[in-house]
$ cat target_28.cif   # mmCIF, C-alpha atoms and all ligand atoms
data_query
loop_
_atom_site.label_atom_id
_atom_site.label_comp_id
_atom_site.auth_asym_id
_atom_site.auth_seq_id
_atom_site.Cartn_x
_atom_site.Cartn_y
_atom_site.Cartn_z
CA MET A 187 116.79 153.37 194.45
CA VAL A 188 115.41 156.88 194.27
CA ASP A 189 113.92 157.39 190.84
CA SER A 190 113.88 161.16 190.58
CA ILE A 191 113.86 163.18 187.39
CA TYR A 192 116.00 165.73 189.26
CA MET A 193 119.68 164.99 189.07
CA ALA A 194 120.36 166.57 192.44
CA GLU A 195 118.01 164.12 194.16
CA LEU A 196 120.02 161.11 192.98
CA SER A 197 123.04 159.55 194.61
CA TRP A 198 126.21 159.58 192.56
CA PRO A 199 126.00 155.88 191.58
CA GLU A 200 122.39 156.43 190.43
CA TRP A 201 123.43 159.47 188.39
CA GLN A 202 126.36 157.59 186.92
CA GLU A 203 124.17 154.66 185.92
CA LYS A 204 121.58 156.84 184.22
CA ILE A 205 124.28 158.71 182.33
CA ALA A 206 125.92 155.43 181.29
CA ASN A 207 122.53 154.42 179.88
CA GLY A 208 122.48 157.57 177.76
CA ALA A 209 120.24 159.87 179.81
CA ILE A 210 119.96 163.34 178.33
CA ILE A 211 120.74 166.17 180.77
CA PHE A 212 118.31 169.09 180.69
CA ILE A 213 119.64 172.38 182.03
CA PRO A 214 117.07 175.12 182.72
CA VAL A 215 118.67 178.58 182.49
CA GLY A 216 116.58 181.11 184.39
CA ALA A 217 116.83 184.50 186.02
CA THR A 218 115.96 186.33 189.22
CA GLU A 219 114.08 189.25 187.75
CA GLN A 220 111.09 191.44 188.49
CA HIS A 221 107.88 190.31 186.81
CA GLY A 222 105.56 193.14 187.71
CA PRO A 223 103.67 193.67 190.97
CA HIS A 224 101.58 190.50 190.54
CA LEU A 225 104.26 187.85 189.98
CA PRO A 226 107.30 186.66 191.95
CA LEU A 227 110.94 187.18 191.03
CA ASN A 228 111.38 183.52 190.09
CA VAL A 229 109.04 183.24 187.10
CA ASP A 230 111.98 182.65 184.76
CA VAL A 231 113.14 179.87 187.07
CA ILE A 232 109.80 178.11 187.54
CA LEU A 233 108.78 178.07 183.87
CA PRO A 234 111.85 176.52 182.19
CA THR A 235 112.26 174.10 185.09
CA ALA A 236 108.67 172.89 184.61
CA VAL A 237 109.20 172.48 180.88
CA CYS A 238 112.46 170.58 181.43
CA GLU A 239 110.80 168.29 183.97
CA ARG A 240 107.95 167.39 181.63
CA VAL A 241 110.11 166.85 178.56
CA ALA A 242 112.70 164.88 180.53
CA ARG A 243 109.94 162.50 181.63
CA GLN A 244 109.04 161.86 177.99
CA VAL A 245 112.58 160.98 176.95
CA GLY A 246 114.07 159.42 180.07
CA GLY A 247 116.21 162.46 180.79
CA LEU A 248 117.43 164.16 183.93
CA VAL A 249 116.98 167.77 185.00
CA ALA A 250 120.11 169.46 186.31
CA PRO A 251 119.79 172.15 188.98
CA THR A 252 118.32 175.27 187.40
CA ILE A 253 120.65 178.21 186.93
CA GLN A 254 118.73 180.76 188.97
CA TYR A 255 120.47 183.94 187.82
CA GLY A 256 120.53 185.23 184.28
CA TYR A 257 122.06 187.85 182.09
CA LYS A 258 121.06 191.48 182.68
CA SER A 259 117.46 192.48 182.21
CA MET A 260 116.86 194.84 179.29
CA PRO A 261 114.17 197.57 179.31
CA ARG A 262 112.51 196.30 176.12
CA SER A 263 112.36 192.63 177.13
CA GLY A 264 112.49 192.47 180.94
CA GLY A 265 111.96 195.96 182.26
CA GLY A 266 115.64 196.65 182.94
CA GLN A 267 118.10 196.34 185.78
CA SER A 268 116.79 199.17 187.95
CA PHE A 269 113.94 197.22 189.56
CA PRO A 270 114.69 196.20 193.13
CA GLY A 271 115.14 192.45 193.26
CA THR A 272 116.31 192.03 189.67
CA THR A 273 119.67 190.41 190.34
CA SER A 274 121.75 189.49 187.33
CA LEU A 275 125.08 188.17 186.16
CA ASP A 276 127.53 189.70 183.73
CA ALA A 277 127.37 187.82 180.42
CA ASN A 278 130.85 186.49 181.00
CA THR A 279 129.92 185.13 184.43
CA LEU A 280 126.85 183.31 183.12
CA SER A 281 128.84 181.85 180.23
CA LEU A 282 131.54 180.58 182.56
CA VAL A 283 129.00 178.97 184.91
CA LEU A 284 127.61 177.02 181.96
CA ARG A 285 131.06 176.20 180.64
CA ASP A 286 132.03 174.70 183.98
CA ILE A 287 128.81 172.68 184.29
CA ILE A 288 129.18 171.19 180.80
CA ARG A 289 132.84 170.44 181.36
CA ASP A 290 132.30 168.69 184.68
CA MET A 291 129.27 166.69 183.60
CA GLY A 292 131.06 165.83 180.36
CA ALA A 293 134.10 164.66 182.29
CA HIS A 294 131.76 162.35 184.21
CA GLY A 295 130.30 160.85 181.09
CA ALA A 296 127.34 163.03 180.09
CA ARG A 297 127.26 163.30 176.31
CA ARG A 298 123.84 164.77 175.51
CA PHE A 299 122.56 168.09 176.80
CA VAL A 300 119.48 170.19 176.25
CA LEU A 301 119.80 173.78 177.45
CA ILE A 302 116.40 175.37 177.88
CA VAL A 303 116.47 179.14 178.15
CA GLY A 304 113.76 180.69 180.32
CA HIS A 305 114.88 184.33 180.17
CA PHE A 306 115.06 186.27 176.93
CA GLU A 307 118.42 187.95 177.61
CA ASN A 308 120.22 184.68 178.33
CA SER A 309 120.31 183.40 174.80
CA TRP A 310 123.76 184.44 173.57
CA PRO A 311 125.64 184.08 176.87
CA VAL A 312 124.24 180.53 176.97
CA VAL A 313 125.58 179.84 173.48
CA GLU A 314 128.96 181.17 174.57
CA GLY A 315 129.04 178.97 177.67
CA LEU A 316 128.06 175.93 175.65
CA ASP A 317 130.70 176.65 173.05
CA LEU A 318 133.41 177.06 175.70
CA GLY A 319 132.31 173.90 177.51
CA LEU A 320 132.40 171.81 174.36
CA ARG A 321 135.79 173.28 173.46
CA GLU A 322 137.22 172.29 176.84
CA LEU A 323 135.86 168.77 176.45
CA ARG A 324 137.36 168.48 172.96
CA ARG A 325 140.72 169.57 174.31
CA ASP A 326 140.39 166.82 176.91
CA GLY A 327 139.82 164.34 174.10
CA ILE A 328 136.03 164.09 174.51
CA THR A 329 134.69 164.75 171.03
CA ASP A 330 131.27 163.09 171.01
CA THR A 331 129.24 165.56 173.09
CA THR A 332 126.12 167.07 171.53
CA ALA A 333 123.88 169.80 172.88
CA MET A 334 120.65 171.44 171.88
CA LYS A 335 119.93 174.98 173.01
CA LEU A 336 116.44 176.40 172.74
CA GLU A 337 114.00 178.97 174.03
CA TYR A 338 110.88 177.15 175.20
CA TRP A 339 108.50 179.91 174.03
CA ASP A 340 109.42 179.25 170.39
CA PHE A 341 107.73 175.85 170.63
CA VAL A 342 104.10 176.80 170.22
CA HIS A 343 101.60 176.25 167.45
CA ARG A 344 100.57 179.34 165.50
CA GLU A 345 96.93 178.36 166.08
CA THR A 346 97.47 178.41 169.85
CA LEU A 347 98.81 181.98 169.71
CA ASP A 348 95.92 183.00 167.45
CA LYS A 349 93.48 181.54 169.95
CA ILE A 350 95.13 183.37 172.88
CA PHE A 351 95.65 186.67 171.02
CA PRO A 352 92.71 187.18 168.65
CA ASP A 353 93.91 190.78 168.12
CA GLY A 354 97.46 189.75 167.24
CA PHE A 355 100.41 188.37 169.19
CA PRO A 356 102.52 191.26 170.58
CA GLY A 357 105.75 189.26 170.29
CA THR A 358 107.87 187.31 172.73
CA GLU A 359 109.88 190.27 174.04
CA LEU A 360 106.84 192.28 175.13
CA GLU A 361 105.32 189.21 176.73
CA HIS A 362 107.43 189.82 179.82
CA ALA A 363 105.22 189.34 182.92
CA SER A 364 102.21 189.53 180.63
CA LEU A 365 99.48 187.15 179.48
CA ILE A 366 101.70 184.17 178.68
CA GLU A 367 103.92 184.16 181.75
CA THR A 368 101.02 185.02 184.05
CA SER A 369 98.87 182.22 182.61
CA LEU A 370 101.70 179.70 182.95
CA MET A 371 102.19 180.78 186.55
CA LEU A 372 98.44 180.42 187.21
CA LEU A 373 98.79 176.87 185.93
CA LEU A 374 101.94 175.97 187.87
CA ARG A 375 102.03 178.16 190.97
CA PRO A 376 98.75 180.03 191.47
CA ASP A 377 99.79 180.56 195.09
CA LEU A 378 102.48 182.98 193.82
CA VAL A 379 100.19 185.07 191.62
CA ASP A 380 98.27 188.08 192.98
CA GLU A 381 95.72 188.84 190.29
CA THR A 382 94.47 191.91 192.16
CA LYS A 383 97.81 193.58 191.38
CA ILE A 384 97.80 193.07 187.60
CA PRO A 385 98.49 196.52 186.04
CA GLN A 386 95.73 198.08 183.96
CA GLU A 387 97.94 200.07 181.59
CA GLY A 388 98.03 197.88 178.47
CA ARG A 389 100.84 197.23 176.04
CA ALA A 390 104.09 199.24 176.14
CA SER A 391 105.56 200.69 172.97
CA PHE A 392 109.28 201.07 172.40
CA PRO A 393 111.31 202.35 169.48
CA PRO A 394 113.22 199.58 167.66
CA TYR A 395 116.48 200.45 169.41
CA ASP A 396 118.00 200.66 172.89
CA ILE A 397 119.46 203.70 174.62
CA HIS A 398 122.18 203.25 177.25
CA PRO A 399 121.69 204.25 179.95
CA ALA A 400 117.91 204.14 179.62
CA PRO A 401 116.58 207.73 179.80
CA PRO A 402 113.85 208.71 182.29
CA GLY A 403 110.44 207.68 181.02
CA TYR A 404 111.87 204.89 178.87
CA LEU A 405 111.29 202.22 181.48
CA ARG A 406 107.90 200.67 182.06
CA LEU A 407 107.36 201.51 185.71
CA SER A 408 105.11 198.55 186.51
CA GLY A 409 107.64 196.15 184.98
CA VAL A 410 104.90 194.57 182.86
CA LEU A 411 105.47 195.14 179.14
CA ALA A 412 102.26 193.98 177.46
CA ASP A 413 98.98 193.10 179.12
CA ALA A 414 98.40 190.43 181.75
CA ARG A 415 94.66 191.04 182.06
CA GLY A 416 92.67 187.98 181.06
CA SER A 417 95.37 185.52 182.15
CA ARG A 418 94.00 182.07 182.93
CA ALA A 419 95.42 178.72 183.96
CA GLU A 420 93.71 177.15 180.95
CA ILE A 421 95.77 179.35 178.62
CA GLY A 422 98.85 178.25 180.53
CA GLN A 423 97.85 174.64 179.93
CA TRP A 424 97.49 175.16 176.16
CA LEU A 425 100.95 176.70 176.07
CA MET A 426 102.52 174.05 178.27
CA ASP A 427 101.02 171.27 176.14
CA ASP A 428 102.58 172.81 173.02
CA HIS A 429 105.93 173.41 174.67
CA VAL A 430 106.18 169.86 175.96
CA SER A 431 104.97 168.08 172.83
CA LEU A 432 106.99 170.15 170.36
CA ILE A 433 110.21 170.17 172.39
CA THR A 434 109.87 166.42 173.02
CA GLN A 435 109.51 165.90 169.27
CA ALA A 436 112.63 167.96 168.57
CA VAL A 437 114.69 166.17 171.21
CA LYS A 438 113.59 162.78 169.90
CA LYS A 439 114.51 163.82 166.38
CA GLU A 440 117.97 165.10 167.27
CA PHE A 441 118.94 162.41 169.72
CA GLY A 442 117.08 159.48 168.22
CA VAL A 443 115.41 158.53 171.51
ZN ZN A 501 109.99 186.07 182.41
MN MN A 502 113.14 187.33 181.87
#

$ encode --input "target_28.cif" --output "structure tokens"
Amino acid sequence: MVDSIYMAELSWPEWQEKIANGAIIFIPVGATEQHGPHLPLNVDVILPTAVCERVARQVGGLVAPTIQYGYKSMPRSGGGQSFPGTTSLDANTLSLVLRDIIRDMGAHGARRFVLIVGHFENSWPVVEGLDLGLRELRRDGITDTTAMKLEYWDFVHRETLDKIFPDGFPGTELEHASLIETSLMLLLRPDLVDETKIPQEGRASFPPYDIHPAPPGYLRLSGVLADARGSRAEIGQWLMDDHVSLITQAVKKEFGV
């Protein structure tokens, strides 16, 4: 028997057996989005997938295929849609993809899900998809399905952020393609990081509102919103350790595993 943490690498009887034994299904929800000149388009795919894999190992779970496209990139959290390569779904499309996944896996016996969001803009469309999926299952008479939905970056100790940002944490939104994501990529896929291309322009500043469509000069042209200088794999390891231990704790608490 293949003993993979990745659902897609199992045969159907293996999947069925693990689900019958109560395996939790982890669904990473990513994006194909620009991450500056120094990082690849799949940062928001690699990071939540890595977190799911590590947490799933702790709790005997399975990782479903990552959703590789996300909801539209916004100028203040992802640089915006105008960057070549940023390829996104309408909110409705993303929600329906999730709805269908939950419904089909639920119909096949999965009862416990953890949706791990890896792209800031995905959060509410993911909630919508989850809500629709659970509603369909209820209408089919399946009423005992439970799901957690979380953003992995929320699971970090304050002291870790203080250590990484002695001058103050700029906030999750501005961290797009910046120190945190670059450090995690240096940890996981250094082959995909070109440190010589890290922009030298420092932190962006935005007003506390959006303008649609974004006026000229509103977009950060490099696509990097804070500062990626000083990124290190060691910082990525501190973050990953927090993400995995704190998310594992939460999953154990909610699902009693
Ligand atoms: Zn990202
Ligand atoms: Mn993103």

$ closest_residue --input "target_28.cif" --among "A:Thr235, A:Thr358, A:Thr252, A:Asn278" --to "ligand MN 502 (chain A)" --atoms "all atoms listed in the file"
A:Thr358

$ closest_atom_pairs --input "target_28.cif" --of "chain A" --to "ligand ZN 501 (chain A)" --cutoff "6 Å" --atoms "only C-alpha atoms and all ligand atoms" --output "Markdown table"
| residue | atom | partner | partner_atom | distance |
| --- | --- | --- | --- | --- |
| A:Val229 | CA | A:ZN501 | ZN | 5.6 |
| A:Asp230 | CA | A:ZN501 | ZN | 4.6 |
| A:His305 | CA | A:ZN501 | ZN | 5.7 |
| A:His362 | CA | A:ZN501 | ZN | 5.2 |
| A:Ala363 | CA | A:ZN501 | ZN | 5.8 |

$ closest_atom_pairs --input "target_28.cif" --of "chain A" --to "ligand MN 502 (chain A)" --cutoff "12 Å" --atoms "all atoms listed in the file" --output "tab-separated table"
residue	atom	partner	partner_atom	distance
A:Val215	CA	A:MN502	MN	10.4
A:Gly216	CA	A:MN502	MN	7.5
A:Ala217	CA	A:MN502	MN	6.2
A:Thr218	CA	A:MN502	MN	7.9
A:Glu219	CA	A:MN502	MN	6.3
A:Gln220	CA	A:MN502	MN	8.1
A:His221	CA	A:MN502	MN	7.8
A:Gly222	CA	A:MN502	MN	11.2
A:Pro226	CA	A:MN502	MN	11.7
A:Leu227	CA	A:MN502	MN	9.4
A:Asn228	CA	A:MN502	MN	9.2
A:Val229	CA	A:MN502	MN	7.8
A:Asp230	CA	A:MN502	MN	5.6
A:Val231	CA	A:MN502	MN	9.1
A:Ile232	CA	A:MN502	MN	11.3
A:Leu233	CA	A:MN502	MN	10.4
A:Pro234	CA	A:MN502	MN	10.9
A:Gln254	CA	A:MN502	MN	11.2
A:Tyr255	CA	A:MN502	MN	10.0
A:Gly256	CA	A:MN502	MN	8.1
A:Tyr257	CA	A:MN502	MN	8.9
A:Lys258	CA	A:MN502	MN	9.0
A:Ser259	CA	A:MN502	MN	6.7
A:Met260	CA	A:MN502	MN	8.8
A:Pro261	CA	A:MN502	MN	10.6
A:Arg262	CA	A:MN502	MN	10.7
A:Ser263	CA	A:MN502	MN	7.2
A:Gly264	CA	A:MN502	MN	5.3
A:Gly265	CA	A:MN502	MN	8.7
A:Gly266	CA	A:MN502	MN	9.7
A:Gln267	CA	A:MN502	MN	11.0
A:Thr272	CA	A:MN502	MN	9.6
A:Thr273	CA	A:MN502	MN	11.1
A:Ser274	CA	A:MN502	MN	10.4
A:Val303	CA	A:MN502	MN	9.6
A:Gly304	CA	A:MN502	MN	6.8
A:His305	CA	A:MN502	MN	3.9
A:Phe306	CA	A:MN502	MN	5.4
A:Glu307	CA	A:MN502	MN	6.8
A:Asn308	CA	A:MN502	MN	8.3
A:Ser309	CA	A:MN502	MN	10.8
A:Glu337	CA	A:MN502	MN	11.5
A:Trp339	CA	A:MN502	MN	11.7
A:Thr358	CA	A:MN502	MN	10.6
A:Glu359	CA	A:MN502	MN	9.0
A:Leu360	CA	A:MN502	MN	10.5
A:Glu361	CA	A:MN502	MN	9.5
A:His362	CA	A:MN502	MN	6.6
A:Ala363	CA	A:MN502	MN	8.2
A:Ser364	CA	A:MN502	MN	11.2
A:Glu367	CA	A:MN502	MN	9.8
A:Gly409	CA	A:MN502	MN	10.8
A:Val410	CA	A:MN502	MN	11.0
A:Leu411	CA	A:MN502	MN	11.3

$ atom_distance --input "target_28.cif" --atom1 "atom CA of A:Val443" --atom2 "atom CA of A:Arg321"
25.2 Å

$ closest_residue --input "target_28.cif" --among "A:Ile350, A:Val312, A:Val249, A:Leu301" --to "A:Leu275" --atoms "only C-alpha atoms"
A:Val312

$ residues_near_point --input "target_28.cif" --point "(100.1, 197.4, 181.7)" --cutoff "6 Å" --atoms "only C-alpha atoms" --output "mmCIF file with C-alpha atoms, in the coordinates of the input"
data_model
loop_
_atom_site.group_PDB
_atom_site.id
_atom_site.type_symbol
_atom_site.label_atom_id
_atom_site.label_comp_id
_atom_site.auth_asym_id
_atom_site.auth_seq_id
_atom_site.Cartn_x
_atom_site.Cartn_y
_atom_site.Cartn_z
ATOM 1 C CA PRO A 385 98.490 196.520 186.040
ATOM 2 C CA GLN A 386 95.730 198.080 183.960
ATOM 3 C CA GLU A 387 97.940 200.070 181.590
ATOM 4 C CA GLY A 388 98.030 197.880 178.470
ATOM 5 C CA ARG A 389 100.840 197.230 176.040
ATOM 6 C CA VAL A 410 104.900 194.570 182.860
ATOM 7 C CA ALA A 412 102.260 193.980 177.460
ATOM 8 C CA ASP A 413 98.980 193.100 179.120
#

$ atom_distance --input "target_28.cif" --atom1 "atom CA of A:Arg297" --atom2 "atom CA of A:Asp189"
20.6 Å

$ closest_residue --input "target_28.cif" --among "A:Leu225, A:Ala277, A:Leu365, A:Val437" --to "A:Leu378" --atoms "all atoms listed in the file"
A:Leu225

$ residues_around --input "target_28.cif" --residues "A:Thr329" --least-positions-apart "6" --cutoff "12 Å" --atoms "all atoms listed in the file" --output "list in words"
Arg289, Gly292, Ala293, Gly295, Ala296, Arg297, Arg298, Gly319, Leu320, Arg321, Glu322 and Leu323 of chain A

$ closest_residue --input "target_28.cif" --among "A:Leu282, A:Val379, A:Pro199, A:Phe441" --to "A:Gly247" --atoms "only C-alpha atoms"
A:Phe441

$ axis_aligned_box --input "target_28.cif" --around "stretch 429-441 of chain A" --padding-each-side "4 Å" --output "AutoDock Vina command-line options"
--center_x 112.0 --center_y 167.9 --center_z 171.2 --size_x 22.0 --size_y 19.0 --size_z 17.6

$ closest_residue --input "target_28.cif" --among "A:Ser197, A:Asn207, A:Ser190, A:Gln244" --to "A:Ala436" --atoms "all atoms listed in the file"
A:Gln244

$ closest_residue --input "target_28.cif" --among "A:Met371, A:Val300, A:Ala400, A:Ile366" --to "A:Gly416" --atoms "only C-alpha atoms"
A:Ile366

$ atom_distance --input "target_28.cif" --atom1 "atom CA of A:Ala250" --atom2 "atom CA of A:Thr368"
24.7 Å

$ residues_around --input "target_28.cif" --residues "stretch 419-434 of chain A" --least-positions-apart "3" --cutoff "9 Å" --atoms "all atoms listed in the file" --output "JSON, numbers by chain"
{"A": [236, 237, 238, 240, 241, 242, 244, 245, 336, 338, 339, 340, 341, 342, 343, 346, 347, 350, 365, 366, 367, 368, 369, 370, 371, 372, 373, 374, 376, 437, 438, 439]}

$ build_atoms --input "target_28.cif" --residues "stretch 217-236 of chain A" --atoms "N, CA and C atoms" --output "PDB file, keeping the file's coordinate frame"
ATOM      1  N   ALA A 217     116.436 183.162 185.590  1.00  0.00           N
ATOM      2  CA  ALA A 217     116.830 184.500 186.020  1.00  0.00           C
ATOM      3  C   ALA A 217     116.088 184.825 187.307  1.00  0.00           C
ATOM      4  N   THR A 218     116.650 185.761 188.062  1.00  0.00           N
ATOM      5  CA  THR A 218     115.960 186.330 189.220  1.00  0.00           C
ATOM      6  C   THR A 218     115.662 187.770 188.833  1.00  0.00           C
ATOM      7  N   GLU A 219     114.420 188.004 188.448  1.00  0.00           N
ATOM      8  CA  GLU A 219     114.080 189.250 187.750  1.00  0.00           C
ATOM      9  C   GLU A 219     112.656 189.660 188.084  1.00  0.00           C
ATOM     10  N   GLN A 220     112.441 190.959 188.233  1.00  0.00           N
ATOM     11  CA  GLN A 220     111.090 191.440 188.490  1.00  0.00           C
ATOM     12  C   GLN A 220     110.139 191.003 187.385  1.00  0.00           C
ATOM     13  N   HIS A 221     108.928 190.653 187.774  1.00  0.00           N
ATOM     14  CA  HIS A 221     107.880 190.310 186.810  1.00  0.00           C
ATOM     15  C   HIS A 221     106.591 191.035 187.177  1.00  0.00           C
ATOM     16  N   GLY A 222     106.732 192.348 187.389  1.00  0.00           N
ATOM     17  CA  GLY A 222     105.560 193.140 187.710  1.00  0.00           C
ATOM     18  C   GLY A 222     105.153 192.975 189.162  1.00  0.00           C
ATOM     19  N   PRO A 223     104.109 193.712 189.569  1.00  0.00           N
ATOM     20  CA  PRO A 223     103.670 193.670 190.970  1.00  0.00           C
ATOM     21  C   PRO A 223     102.870 192.408 191.306  1.00  0.00           C
ATOM     22  N   HIS A 224     102.495 191.642 190.294  1.00  0.00           N
ATOM     23  CA  HIS A 224     101.580 190.500 190.540  1.00  0.00           C
ATOM     24  C   HIS A 224     102.261 189.148 190.475  1.00  0.00           C
ATOM     25  N   LEU A 225     103.547 189.123 190.103  1.00  0.00           N
ATOM     26  CA  LEU A 225     104.260 187.850 189.980  1.00  0.00           C
ATOM     27  C   LEU A 225     105.557 187.891 190.787  1.00  0.00           C
ATOM     28  N   PRO A 226     106.070 186.712 191.168  1.00  0.00           N
ATOM     29  CA  PRO A 226     107.300 186.660 191.950  1.00  0.00           C
ATOM     30  C   PRO A 226     108.553 186.869 191.085  1.00  0.00           C
ATOM     31  N   LEU A 227     109.671 186.970 191.734  1.00  0.00           N
ATOM     32  CA  LEU A 227     110.940 187.180 191.030  1.00  0.00           C
ATOM     33  C   LEU A 227     111.427 185.916 190.326  1.00  0.00           C
ATOM     34  N   ASN A 228     110.828 184.772 190.641  1.00  0.00           N
ATOM     35  CA  ASN A 228     111.380 183.520 190.090  1.00  0.00           C
ATOM     36  C   ASN A 228     110.570 182.929 188.933  1.00  0.00           C
ATOM     37  N   VAL A 229     109.804 183.754 188.253  1.00  0.00           N
ATOM     38  CA  VAL A 229     109.040 183.240 187.100  1.00  0.00           C
ATOM     39  C   VAL A 229     109.962 182.559 186.086  1.00  0.00           C
ATOM     40  N   ASP A 230     111.082 183.207 185.786  1.00  0.00           N
ATOM     41  CA  ASP A 230     111.980 182.650 184.760  1.00  0.00           C
ATOM     42  C   ASP A 230     112.758 181.432 185.248  1.00  0.00           C
ATOM     43  N   VAL A 231     112.594 181.111 186.527  1.00  0.00           N
ATOM     44  CA  VAL A 231     113.140 179.870 187.070  1.00  0.00           C
ATOM     45  C   VAL A 231     112.077 178.762 187.018  1.00  0.00           C
ATOM     46  N   ILE A 232     110.876 179.103 187.462  1.00  0.00           N
ATOM     47  CA  ILE A 232     109.800 178.110 187.540  1.00  0.00           C
ATOM     48  C   ILE A 232     109.417 177.581 186.153  1.00  0.00           C
ATOM     49  N   LEU A 233     109.295 178.492 185.175  1.00  0.00           N
ATOM     50  CA  LEU A 233     108.780 178.070 183.870  1.00  0.00           C
ATOM     51  C   LEU A 233     109.728 177.121 183.121  1.00  0.00           C
ATOM     52  N   PRO A 234     110.991 177.471 182.921  1.00  0.00           N
ATOM     53  CA  PRO A 234     111.850 176.520 182.190  1.00  0.00           C
ATOM     54  C   PRO A 234     112.099 175.245 182.969  1.00  0.00           C
ATOM     55  N   THR A 235     112.078 175.319 184.295  1.00  0.00           N
ATOM     56  CA  THR A 235     112.260 174.100 185.090  1.00  0.00           C
ATOM     57  C   THR A 235     111.086 173.153 184.864  1.00  0.00           C
ATOM     58  N   ALA A 236     109.870 173.722 184.834  1.00  0.00           N
ATOM     59  CA  ALA A 236     108.670 172.890 184.610  1.00  0.00           C
ATOM     60  C   ALA A 236     108.696 172.261 183.223  1.00  0.00           C
TER      61      ALA A 236
END
